[in-house]
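Trainee: Have a look at this one before I ask anything.
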Protein chains: 2
Amino acid sequence: MSKPSVSKLVPKVPHVPGASRRQQYSASTKRALVDVAEELFTTHGYASTSLDAIVAGAQVTKGALYHHFSGKQALFEAVFERVEADASRAIQTSLRGHQDPWEKARAGLRAFLGVVQEPRYRRIVIQEGPAVLGYERYREQEERSTFANVLEIVRAVLSAGTWDLDEDMLQTFARIFFGAMSSAGESVSSADDPIAAAARVETAIGFILVGFQTLADSGVELPSSL
Amino acid sequence: MSKPSVSKLVPKVPHVPGASRRQQYSASTKRALVDVAEELFTTHGYASTSLDAIVAGAQVTKGALYHHFSGKQALFEAVFERVEADASRAIQTSLRGHQDPWEKARAGLRAFLGVVQEPRYRRIVIQEGPAVLGYERYREQEERSTFANVLEIVRAVLSAGTWDLDEDMLQTFARIFFGAMSSAGESVSSADDPIAAAARVETAIGFILVGFQTLADSGVELPSSL
DNA sequence: CACACGTACATACCGTGAGTACGTACCCAC
DNA sequence: GTGGGTACGTACTCACGGTATGTACGTGTG
């Protein structure tokens with residue numbers, strides 16, 4: 001019985017010079033767990049992924065897992081945060097180089113439609129996130145990553161008009177756009193022709209934006225009530 | 001040991017004169033299971049609700065449950081379908097009495113915002129539906145109930161304009177509005193002041209509709225691409 | 001009205017998987 | 001070198017979904 005124990009394929013963890021060998025090993029196993037968990041959660045879903053499968057994939061035992069995470073949900077949350085952070089970064093990167101708010105909006109929309117087609121984002125963030133974390137916790141996470149980007153864009157676009165919107169109204173618009181794009185993104189990625197579907201979504205939302213622009217230019221007031 | 005066996009509180013099941021006593025008993029236990037499951041799924045969520053708790057609440061055993069349903073997921077699906085059907089009916093009812101497409105849209109929006117604030121709809125349909133049923137199955141269900149209503153409204157509104165949209169484009173717009181309203185509804189029902197939040201959502205979406213109307217009246221073409 | 005049959009359950013059991021208790025090896029500070 | 005704390009490994013428990021099997025009662029048939 002060969003027992004490689006720790007002499008395994010150590011995942012690439014960014015070398016931090018100040019950290020001790022012990023700390024580096026620890027970080028690498030933790031990262032390995034998150035890596036494998038992300039993979040399995042994405043392909044099989046949260047409920048159908050056993051901790052045994054995860055620790056086997058990471059070549060550790062449950063002891064290691066429960067040393068780094070308080071449980072299955074905490075591990076999911078770590079995966080969730082990483083996927084979210086990556087998505088947020090991707091969107092923010094796409095915004096650089098655009099000054100015009102409308103251009104930023106279009107670029108951001110494109111980036112979001114790209115992100116939302118990644119299987120891991122669809123499954124972990126959109127599909128399972130709300131159910132596993134609970135809506136409250138889900139929202140806390142979204143609030144300071146992807147949704148924050150959408151909010152920023154919406155703020156830039158809407159403050160270009162002549163209306164003065166209070167913060168609540170901005171949040172409402174951002175929610176609406178965020179939901180629209182999430183839902184549209186889901187349908188895009190499950191469409192027969194995702195490219196054509198993405199183009200339709202861009203057209204549709206672009207059309208809404210044009211409507212905004214037109215109203216802004218012609219000085220139409222926000223309807224105070226319906 | 002008193003064994004009331006079948007002499008329990010029989011749930012009100014609509015009396016069908018043609019059905020035998022045996023069939024009526026069967027229907028009533030099935031209904032009791034769905035009733036209790038809906039209650040528990042709504043309050044505790046799918047994963048945290050055990051079948052033991054459900055059968056205890058319905059005052060039957062697991063044998064009865066597995067006689068009527070193939071498993072936990074099938075029971076959830078039965079609950080899901082009923083909640084969806086109720087929601088769909090509520091929306092359709094609100095549409096009667098309105099001929100003008102824009103009026104129908106506003107009425108439908110109001111009804112949807114009402115539905116989406118029901119805890120059972122939020123939890124079972126929006127929150128847990130996609131994760132428990134899987135997105136594909138979830139979409140199949142939505143497609144022929146609530147989403148169908150949204151599609152109908154969008155079709156009525158958009159065909160009032162001068163544009164000629166193909167079916168795919170209509171579906172895209174419907175998806176966008178559906179997602180926007182779902183997301184907005186979630187935020188409404190978890191807001192500090194749901195009534196004010198609902199009003200803001202109505203204002204925001206109403207504003208988008210006004211943009212559509214303006215564009216339609218002024219004969220603006222759909223941008224073929226961004 | 002007797003009887004066979006199928007429905008509508010109840011009971012007892014099993015396998016899986018999340019979580020826990022406890023033991024241990026190893027690195028680091030002193 | 002040594003005490004101590006970190007980073008795990010091992011063995012177990014228990015809850016829960018699902019199954020296998022037994023059974024009572026209503027219902028159609030002769």
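Chain labels follow the order of the structure tokens: the first chain is A, the next B, and so on; residue numbering restarts at 1 in every chain, and ligands are counted from 1 in their shown order.
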Near region 204-212 of chain A, within 10 Å and counting only C-alpha atoms (C1' of nucleotides), which residues show up once chain neighbours fewer than 5 positions away are dropped, as a short mmCIF file (atom, residue, chain, number, x, y, z; two decimals) with N, CA and C atoms, in the first residue's frame?
Mentor:
```
data_model
loop_
_atom_site.label_atom_id
_atom_site.label_comp_id
_atom_site.auth_asym_id
_atom_site.auth_seq_id
_atom_site.Cartn_x
_atom_site.Cartn_y
_atom_site.Cartn_z
N TRP A 102 -23.33 55.41 -22.58
CA TRP A 102 -24.06 54.48 -23.43
C TRP A 102 -23.13 53.41 -23.99
N ALA A 105 -22.47 51.04 -21.28
CA ALA A 105 -23.61 50.15 -21.09
C ALA A 105 -23.57 49.01 -22.11
N ARG A 106 -23.31 49.35 -23.34
CA ARG A 106 -23.27 48.31 -24.38
C ARG A 106 -22.14 47.32 -24.13
N LEU A 109 -23.02 45.16 -21.18
CA LEU A 109 -24.03 44.17 -21.57
C LEU A 109 -23.40 42.99 -22.28
N VAL A 157 -25.68 55.81 -16.93
CA VAL A 157 -26.60 56.05 -18.05
C VAL A 157 -27.74 56.98 -17.64
N LEU A 158 -28.32 56.71 -16.50
CA LEU A 158 -29.51 57.46 -16.12
C LEU A 158 -29.19 58.88 -15.65
N GLY A 161 -29.31 61.62 -18.30
CA GLY A 161 -30.57 62.25 -18.68
C GLY A 161 -30.82 63.50 -17.87
N PHE A 177 -32.82 45.71 -14.78
CA PHE A 177 -31.88 45.36 -15.84
C PHE A 177 -31.11 44.09 -15.49
N ALA A 180 -33.38 41.19 -16.02
CA ALA A 180 -33.61 41.01 -17.45
C ALA A 180 -32.42 40.32 -18.09
N MET A 181 -31.23 40.77 -17.72
CA MET A 181 -30.04 40.22 -18.34
C MET A 181 -29.76 38.80 -17.86
N ALA A 184 -32.39 36.63 -19.58
CA ALA A 184 -32.06 36.57 -21.00
C ALA A 184 -30.82 35.72 -21.21
N ALA A 198 -27.95 35.71 -28.45
CA ALA A 198 -27.26 36.81 -27.78
C ALA A 198 -27.43 38.09 -28.57
N ALA A 199 -27.38 37.98 -29.89
CA ALA A 199 -27.57 39.15 -30.75
C ALA A 199 -28.97 39.73 -30.55
N ASP A 217 -33.67 62.90 -24.33
CA ASP A 217 -33.44 64.02 -25.23
C ASP A 217 -34.66 64.92 -25.34
N SER A 218 -35.83 64.30 -25.31
CA SER A 218 -37.05 65.10 -25.48
C SER A 218 -37.60 65.60 -24.16
N VAL A 220 -38.80 64.14 -21.49
CA VAL A 220 -39.99 63.54 -20.89
C VAL A 220 -39.75 63.25 -19.41
N MET B 169 -37.84 37.22 -31.79
CA MET B 169 -37.64 38.52 -31.17
C MET B 169 -38.69 38.76 -30.08
N LEU B 170 -39.91 38.32 -30.37
CA LEU B 170 -40.97 38.42 -29.36
C LEU B 170 -40.60 37.63 -28.11
N THR B 172 -37.71 36.88 -27.12
CA THR B 172 -36.61 37.56 -26.44
C THR B 172 -37.13 38.68 -25.56
N PHE B 173 -37.98 39.50 -26.13
CA PHE B 173 -38.56 40.59 -25.34
C PHE B 173 -39.32 40.04 -24.13
N ILE B 176 -37.00 38.95 -21.45
CA ILE B 176 -36.41 40.10 -20.77
C ILE B 176 -37.38 40.68 -19.75
N PHE B 207 -42.13 53.28 -17.27
CA PHE B 207 -41.30 54.21 -18.02
C PHE B 207 -40.73 53.56 -19.28
N ILE B 208 -40.32 52.32 -19.12
CA ILE B 208 -39.81 51.58 -20.28
C ILE B 208 -40.91 51.44 -21.33
N LEU B 209 -42.12 51.18 -20.86
CA LEU B 209 -43.25 51.05 -21.78
C LEU B 209 -43.52 52.37 -22.50
N VAL B 210 -43.40 53.47 -21.75
CA VAL B 210 -43.59 54.78 -22.36
C VAL B 210 -42.55 54.99 -23.47
N GLY B 211 -41.33 54.55 -23.17
CA GLY B 211 -40.28 54.64 -24.19
C GLY B 211 -40.66 53.88 -25.44
N PHE B 212 -41.24 52.70 -25.25
CA PHE B 212 -41.69 51.91 -26.39
C PHE B 212 -42.76 52.66 -27.17
N GLN B 213 -43.72 53.18 -26.41
CA GLN B 213 -44.82 53.88 -27.07
C GLN B 213 -44.30 55.05 -27.91
N THR B 214 -43.39 55.81 -27.29
CA THR B 214 -42.84 56.97 -27.98
C THR B 214 -42.14 56.56 -29.27
N LEU B 215 -41.34 55.51 -29.16
CA LEU B 215 -40.63 55.04 -30.33
C LEU B 215 -41.59 54.54 -31.39
N ALA B 216 -42.64 53.87 -30.92
CA ALA B 216 -43.61 53.33 -31.86
C ALA B 216 -44.32 54.46 -32.61
N VAL B 220 -39.75 54.87 -35.12
CA VAL B 220 -38.34 54.48 -35.06
C VAL B 220 -38.21 53.00 -35.35
N GLU B 221 -37.20 52.66 -36.14
CA GLU B 221 -37.00 51.27 -36.48
C GLU B 221 -36.21 50.54 -35.39
N LEU B 222 -36.39 49.24 -35.34
CA LEU B 222 -35.57 48.43 -34.45
C LEU B 222 -34.14 48.46 -34.96
N PRO B 223 -33.20 48.70 -34.08
CA PRO B 223 -31.81 48.66 -34.51
C PRO B 223 -31.44 47.22 -34.85
N SER B 224 -30.98 47.02 -36.06
CA SER B 224 -30.69 45.64 -36.47
C SER B 224 -29.52 45.08 -35.69
N SER B 225 -28.61 45.93 -35.33
CA SER B 225 -27.50 45.46 -34.49
C SER B 225 -26.95 46.64 -33.71
N LEU B 226 -26.23 46.33 -32.69
CA LEU B 226 -25.63 47.39 -31.88
C LEU B 226 -24.26 47.73 -32.45
#
```
Trainee: At a cut-off of 9 Å, list the chain B residues touching chain D, using only C-alpha atoms (C1' of nucleotides), as a list in words.
Mentor: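 The answer, sorted by residue number, is Arg21, Arg22, Ser50, Leu51, Asp52, Gly71 and Lys72 of chain B.
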Trainee: Got time to write the residues from that selection, N, CA and C atoms, as a PDB file, in the first residue's frame?
Mentor:
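Output saved as out-v1.pdb:
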```pdb
ATOM      1  N   ARG B  21     -66.218   5.964  -3.387  1.00  0.00           N
ATOM      2  CA  ARG B  21     -65.683   6.367  -2.082  1.00  0.00           C
ATOM      3  C   ARG B  21     -64.171   6.156  -2.046  1.00  0.00           C
ATOM      4  N   ARG B  22     -63.767   5.030  -2.576  1.00  0.00           N
ATOM      5  CA  ARG B  22     -62.347   4.701  -2.602  1.00  0.00           C
ATOM      6  C   ARG B  22     -61.529   5.779  -3.324  1.00  0.00           C
ATOM      7  N   SER B  50     -38.066  17.208   5.407  1.00  0.00           N
ATOM      8  CA  SER B  50     -37.943  15.761   5.275  1.00  0.00           C
ATOM      9  C   SER B  50     -39.288  15.145   4.913  1.00  0.00           C
ATOM     10  N   LEU B  51     -39.218  14.032   4.231  1.00  0.00           N
ATOM     11  CA  LEU B  51     -40.448  13.330   3.880  1.00  0.00           C
ATOM     12  C   LEU B  51     -41.174  12.878   5.145  1.00  0.00           C
ATOM     13  N   ASP B  52     -40.416  12.550   6.175  1.00  0.00           N
ATOM     14  CA  ASP B  52     -41.038  12.162   7.436  1.00  0.00           C
ATOM     15  C   ASP B  52     -41.922  13.280   7.976  1.00  0.00           C
ATOM     16  N   GLY B  71     -41.380  10.045  -5.828  1.00  0.00           N
ATOM     17  CA  GLY B  71     -40.310  10.453  -4.923  1.00  0.00           C
ATOM     18  C   GLY B  71     -40.479  11.882  -4.481  1.00  0.00           C
ATOM     19  N   LYS B  72     -39.482  12.389  -3.794  1.00  0.00           N
ATOM     20  CA  LYS B  72     -39.554  13.733  -3.240  1.00  0.00           C
ATOM     21  C   LYS B  72     -39.672  14.786  -4.346  1.00  0.00           C
TER      22      LYS B  72
END
```
Trainee: Counting only C-alpha atoms, which residue out of A:Gln117, A:Ser88, A:Gln171, A:Gln127 sits closest to chain B?
Mentor: A:Gln127
Trainee: A:His68, A:Gly45, A:Gln59, A:Ala196: which is nearest Ala27 (chain A), counting only C-alpha atoms?
Mentor: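 Once distances to Ala27 (chain A) are computed over only C-alpha atoms, the minimum belongs to A:His68.
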Trainee: What are the closest atom pairs, with distances in Å to one decimal, for all residues of chain B lying within 12 Å of chain C? Consider only C-alpha atoms (C1' of nucleotides), order rows by chain and residue number, and present the result as JSON lines.
Mentor:
```
{"residue": "B:Lys3", "atom": "CA", "partner": "C:DA10", "partner_atom": "C1'", "distance": 11.6}
{"residue": "B:Ser5", "atom": "CA", "partner": "C:DA10", "partner_atom": "C1'", "distance": 9.4}
{"residue": "B:Val6", "atom": "CA", "partner": "C:DC9", "partner_atom": "C1'", "distance": 9.7}
{"residue": "B:Arg22", "atom": "CA", "partner": "C:DA8", "partner_atom": "C1'", "distance": 8.5}
{"residue": "B:Gln23", "atom": "CA", "partner": "C:DT7", "partner_atom": "C1'", "distance": 9.3}
{"residue": "B:Gln24", "atom": "CA", "partner": "C:DA8", "partner_atom": "C1'", "distance": 11.4}
{"residue": "B:Tyr25", "atom": "CA", "partner": "C:DA8", "partner_atom": "C1'", "distance": 9.0}
{"residue": "B:Ser26", "atom": "CA", "partner": "C:DA8", "partner_atom": "C1'", "distance": 7.1}
{"residue": "B:Ala27", "atom": "CA", "partner": "C:DA8", "partner_atom": "C1'", "distance": 10.7}
{"residue": "B:Ser28", "atom": "CA", "partner": "C:DA8", "partner_atom": "C1'", "distance": 11.8}
{"residue": "B:Thr29", "atom": "CA", "partner": "C:DA8", "partner_atom": "C1'", "distance": 9.9}
{"residue": "B:Lys30", "atom": "CA", "partner": "C:DA8", "partner_atom": "C1'", "distance": 10.9}
{"residue": "B:Gln59", "atom": "CA", "partner": "C:DA10", "partner_atom": "C1'", "distance": 11.8}
{"residue": "B:Val60", "atom": "CA", "partner": "C:DC9", "partner_atom": "C1'", "distance": 8.5}
{"residue": "B:Thr61", "atom": "CA", "partner": "C:DA10", "partner_atom": "C1'", "distance": 6.7}
{"residue": "B:Lys62", "atom": "CA", "partner": "C:DA10", "partner_atom": "C1'", "distance": 8.3}
{"residue": "B:Gly63", "atom": "CA", "partner": "C:DC9", "partner_atom": "C1'", "distance": 6.3}
{"residue": "B:Ala64", "atom": "CA", "partner": "C:DC9", "partner_atom": "C1'", "distance": 5.3}
{"residue": "B:Leu65", "atom": "CA", "partner": "C:DC9", "partner_atom": "C1'", "distance": 9.1}
{"residue": "B:Tyr66", "atom": "CA", "partner": "C:DC9", "partner_atom": "C1'", "distance": 9.7}
{"residue": "B:His67", "atom": "CA", "partner": "C:DA8", "partner_atom": "C1'", "distance": 7.6}
{"residue": "B:His68", "atom": "CA", "partner": "C:DA8", "partner_atom": "C1'", "distance": 9.2}
```
Trainee: Go through B:Glu38, B:Glu202, B:Glu118, B:Glu142 one by one, measure the shortest atom-to-atom distance of each to chain A using only C-alpha atoms, and give the residue with the smallest value.
Mentor: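 Closest residue, counting only C-alpha atoms: B:Glu202.
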Trainee: Can you show chain B as a compact mmCIF listing (two decimals) with C-alpha atoms, in the first residue's frame once it has been least-squares superposed onto chain A, using every C-alpha atom paired in order?
Mentor:
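And here is the file that came out, superposed_39.txt:
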```txt
# COMPACT_ATOMS: atom_id res chain seq x y z
CA MET B 1 0.56 -0.05 0.83
CA SER B 2 2.10 3.03 -0.69
CA LYS B 3 0.96 6.11 1.16
CA PRO B 4 1.91 9.17 -0.86
CA SER B 5 0.19 11.21 1.83
CA VAL B 6 1.25 14.74 0.88
CA SER B 7 3.38 13.94 -2.13
CA LYS B 8 0.52 14.58 -4.55
CA LEU B 9 -0.07 16.84 -7.50
CA VAL B 10 0.03 20.12 -5.69
CA PRO B 11 -2.23 22.72 -7.34
CA LYS B 12 -0.57 25.85 -8.55
CA VAL B 13 -0.98 28.37 -5.84
CA PRO B 14 0.62 31.79 -6.38
CA HIS B 15 3.95 31.68 -4.61
CA VAL B 16 3.96 34.05 -1.68
CA PRO B 17 7.54 34.50 -0.55
CA GLY B 18 6.64 35.48 2.98
CA ALA B 19 4.56 32.37 3.65
CA SER B 20 6.03 29.34 5.35
CA ARG B 21 6.10 25.93 3.70
CA ARG B 22 3.35 24.85 6.04
CA GLN B 23 1.13 27.76 5.04
CA GLN B 24 1.76 27.11 1.38
CA TYR B 25 0.75 23.48 1.70
CA SER B 26 -2.38 24.53 3.52
CA ALA B 27 -3.29 27.08 0.89
CA SER B 28 -2.74 24.57 -1.86
CA THR B 29 -5.05 21.92 -0.38
CA LYS B 30 -7.69 24.54 0.28
CA ARG B 31 -7.44 25.69 -3.28
CA ALA B 32 -7.59 22.11 -4.52
CA LEU B 33 -10.83 21.60 -2.62
CA VAL B 34 -12.38 24.72 -4.10
CA ASP B 35 -11.18 23.76 -7.58
CA VAL B 36 -12.68 20.29 -7.44
CA ALA B 37 -15.85 21.54 -5.78
CA GLU B 38 -16.35 24.14 -8.48
CA GLU B 39 -15.95 21.50 -11.13
CA LEU B 40 -18.33 19.00 -9.54
CA PHE B 41 -20.93 21.55 -8.47
CA THR B 42 -20.98 22.90 -12.00
CA THR B 43 -21.40 19.55 -13.71
CA HIS B 44 -23.60 17.63 -11.25
CA GLY B 45 -25.17 20.36 -9.13
CA TYR B 46 -24.98 20.97 -5.40
CA ALA B 47 -27.26 18.23 -4.11
CA SER B 48 -25.86 15.53 -6.37
CA THR B 49 -22.27 16.24 -5.41
CA SER B 50 -21.12 14.33 -2.35
CA LEU B 51 -18.35 15.49 -0.10
CA ASP B 52 -16.75 12.09 -0.59
CA ALA B 53 -16.48 12.79 -4.30
CA ILE B 54 -14.94 16.18 -3.65
CA VAL B 55 -12.31 15.00 -1.20
CA ALA B 56 -11.52 12.06 -3.48
CA GLY B 57 -11.00 14.45 -6.39
CA ALA B 58 -8.80 16.68 -4.30
CA GLN B 59 -6.97 13.63 -2.95
CA VAL B 60 -7.56 14.51 0.66
CA THR B 61 -9.97 13.30 3.33
CA LYS B 62 -13.01 14.77 5.00
CA GLY B 63 -10.82 15.80 7.88
CA ALA B 64 -9.01 18.24 5.64
CA LEU B 65 -12.26 19.58 4.24
CA TYR B 66 -13.76 20.20 7.65
CA HIS B 67 -10.54 21.79 8.78
CA HIS B 68 -10.79 24.46 6.09
CA PHE B 69 -14.57 24.81 5.82
CA SER B 70 -17.35 24.58 8.34
CA GLY B 71 -19.40 22.36 6.03
CA LYS B 72 -20.72 21.73 2.56
CA GLN B 73 -22.53 25.04 2.33
CA ALA B 74 -19.43 27.01 3.36
CA LEU B 75 -17.46 25.25 0.65
CA PHE B 76 -20.14 26.15 -1.86
CA GLU B 77 -19.98 29.73 -0.72
CA ALA B 78 -16.25 29.82 -1.30
CA VAL B 79 -16.80 28.54 -4.83
CA PHE B 80 -19.63 31.01 -5.31
CA GLU B 81 -17.51 33.96 -4.24
CA ARG B 82 -14.70 33.03 -6.58
CA VAL B 83 -16.98 32.62 -9.58
CA GLU B 84 -18.66 35.89 -8.76
CA ALA B 85 -15.35 37.69 -8.33
CA ASP B 86 -14.10 36.41 -11.67
CA ALA B 87 -17.30 37.52 -13.37
CA SER B 88 -17.14 40.92 -11.77
CA ARG B 89 -13.55 41.37 -12.86
CA ALA B 90 -14.37 40.38 -16.43
CA ILE B 91 -17.13 42.94 -16.60
CA GLN B 92 -15.07 45.71 -15.05
CA THR B 93 -12.27 45.04 -17.48
CA SER B 94 -14.65 45.42 -20.38
CA LEU B 95 -15.71 48.81 -19.10
CA ARG B 96 -12.23 50.31 -19.26
CA GLY B 97 -11.61 52.42 -22.31
CA HIS B 98 -15.18 53.65 -22.55
CA GLN B 99 -16.08 57.07 -21.34
CA ASP B 100 -19.50 57.57 -22.88
CA PRO B 101 -22.11 56.06 -20.52
CA TRP B 102 -24.04 54.51 -23.39
CA GLU B 103 -20.92 52.90 -24.75
CA LYS B 104 -20.12 51.61 -21.27
CA ALA B 105 -23.60 50.17 -21.06
CA ARG B 106 -23.25 48.34 -24.34
CA ALA B 107 -19.81 47.02 -23.44
CA GLY B 108 -21.01 45.93 -20.03
CA LEU B 109 -24.01 44.20 -21.53
CA ARG B 110 -21.78 42.30 -23.93
CA ALA B 111 -19.47 41.26 -21.13
CA PHE B 112 -22.35 40.17 -18.97
CA LEU B 113 -23.85 38.12 -21.77
CA GLY B 114 -20.48 36.45 -22.12
CA VAL B 115 -20.17 35.72 -18.42
CA VAL B 116 -23.68 34.39 -18.13
CA GLN B 117 -22.92 31.77 -20.74
CA GLU B 118 -20.16 30.23 -18.69
CA PRO B 119 -21.57 26.99 -17.28
CA ARG B 120 -20.12 27.61 -13.86
CA TYR B 121 -21.71 31.04 -13.56
CA ARG B 122 -25.08 29.81 -14.79
CA ARG B 123 -25.17 26.82 -12.51
CA ILE B 124 -23.50 28.11 -9.38
CA VAL B 125 -24.54 31.73 -9.28
CA ILE B 126 -27.84 31.94 -11.11
CA GLN B 127 -29.32 28.50 -10.74
CA GLU B 128 -28.23 27.09 -7.40
CA GLY B 129 -27.07 30.24 -5.62
CA PRO B 130 -30.45 31.47 -4.42
CA ALA B 131 -31.59 28.03 -3.29
CA VAL B 132 -28.37 26.96 -1.56
CA LEU B 133 -27.42 30.22 0.11
CA GLY B 134 -30.93 31.48 0.64
CA TYR B 135 -32.07 34.62 -1.10
CA GLU B 136 -30.83 36.98 1.59
CA ARG B 137 -27.28 35.69 1.64
CA TYR B 138 -27.32 35.34 -2.13
CA ARG B 139 -28.26 38.96 -2.47
CA GLU B 140 -25.58 40.13 -0.08
CA GLN B 141 -22.98 38.49 -2.27
CA GLU B 142 -24.38 39.79 -5.52
CA GLU B 143 -24.78 43.25 -4.11
CA ARG B 144 -21.05 43.78 -3.86
CA SER B 145 -19.93 42.17 -7.09
CA THR B 146 -21.80 41.72 -10.34
CA PHE B 147 -24.86 43.68 -9.32
CA ALA B 148 -22.62 46.50 -8.24
CA ASN B 149 -21.34 46.73 -11.79
CA VAL B 150 -24.82 46.86 -13.21
CA LEU B 151 -25.77 49.53 -10.72
CA GLU B 152 -22.78 51.61 -11.66
CA ILE B 153 -23.62 51.41 -15.34
CA VAL B 154 -27.26 52.21 -14.78
CA ARG B 155 -26.27 55.14 -12.64
CA ALA B 156 -23.99 56.49 -15.34
CA VAL B 157 -26.63 56.08 -18.03
CA LEU B 158 -29.56 57.48 -16.11
CA SER B 159 -27.73 60.46 -14.67
CA ALA B 160 -26.91 61.42 -18.24
CA GLY B 161 -30.57 62.23 -18.72
CA THR B 162 -32.34 65.27 -17.42
CA TRP B 163 -34.26 63.36 -14.74
CA ASP B 164 -33.20 63.43 -11.18
CA LEU B 165 -33.69 59.97 -9.73
CA ASP B 166 -33.35 59.15 -6.09
CA GLU B 167 -31.21 56.25 -4.95
CA ASP B 168 -34.17 53.90 -4.55
CA MET B 169 -35.27 54.48 -8.10
CA LEU B 170 -31.76 53.82 -9.38
CA GLN B 171 -31.67 50.57 -7.45
CA THR B 172 -35.01 49.63 -8.94
CA PHE B 173 -33.85 50.24 -12.47
CA ALA B 174 -30.65 48.33 -11.77
CA ARG B 175 -32.62 45.39 -10.38
CA ILE B 176 -34.80 45.35 -13.44
CA PHE B 177 -31.89 45.36 -15.83
CA PHE B 178 -30.01 42.83 -13.77
CA GLY B 179 -32.97 40.47 -13.76
CA ALA B 180 -33.60 41.02 -17.44
CA MET B 181 -30.03 40.24 -18.31
CA SER B 182 -29.81 37.20 -16.04
CA SER B 183 -32.98 35.69 -17.43
CA ALA B 184 -32.04 36.57 -20.97
CA GLY B 185 -28.61 35.11 -20.42
CA GLU B 186 -30.08 31.84 -19.26
CA SER B 187 -32.20 31.61 -22.36
CA VAL B 188 -29.23 32.55 -24.50
CA SER B 189 -27.04 29.82 -23.16
CA SER B 190 -29.72 27.18 -23.58
CA ALA B 191 -30.75 28.34 -27.05
CA ASP B 192 -30.13 26.30 -30.18
CA ASP B 193 -28.01 29.10 -31.57
CA PRO B 194 -26.51 30.99 -28.62
CA ILE B 195 -24.76 33.51 -30.83
CA ALA B 196 -27.93 34.54 -32.62
CA ALA B 197 -29.81 34.55 -29.33
CA ALA B 198 -27.19 36.80 -27.75
CA ALA B 199 -27.50 39.14 -30.69
CA ARG B 200 -31.25 39.29 -30.21
CA VAL B 201 -30.82 40.11 -26.54
CA GLU B 202 -28.38 42.86 -27.40
CA THR B 203 -30.85 44.21 -29.91
CA ALA B 204 -33.75 44.09 -27.49
CA ILE B 205 -31.96 45.74 -24.59
CA GLY B 206 -30.32 48.15 -26.97
CA PHE B 207 -33.76 49.09 -28.13
CA ILE B 208 -34.84 49.78 -24.58
CA LEU B 209 -31.77 51.96 -24.16
CA VAL B 210 -32.64 53.84 -27.34
CA GLY B 211 -36.07 54.44 -25.85
CA PHE B 212 -34.39 55.91 -22.79
CA GLN B 213 -32.18 58.10 -24.89
CA THR B 214 -35.11 59.37 -26.91
CA LEU B 215 -37.09 60.18 -23.82
CA ALA B 216 -34.10 61.85 -22.24
CA ASP B 217 -33.44 64.00 -25.28
CA SER B 218 -37.04 65.07 -25.60
CA GLY B 219 -37.23 65.92 -21.91
CA VAL B 220 -40.01 63.55 -20.98
CA GLU B 221 -40.62 63.34 -17.27
CA LEU B 222 -40.73 60.15 -15.27
CA PRO B 223 -44.33 59.17 -14.74
CA SER B 224 -44.90 59.57 -11.03
CA SER B 225 -47.43 56.80 -11.05
CA LEU B 226 -49.22 54.56 -13.47
```
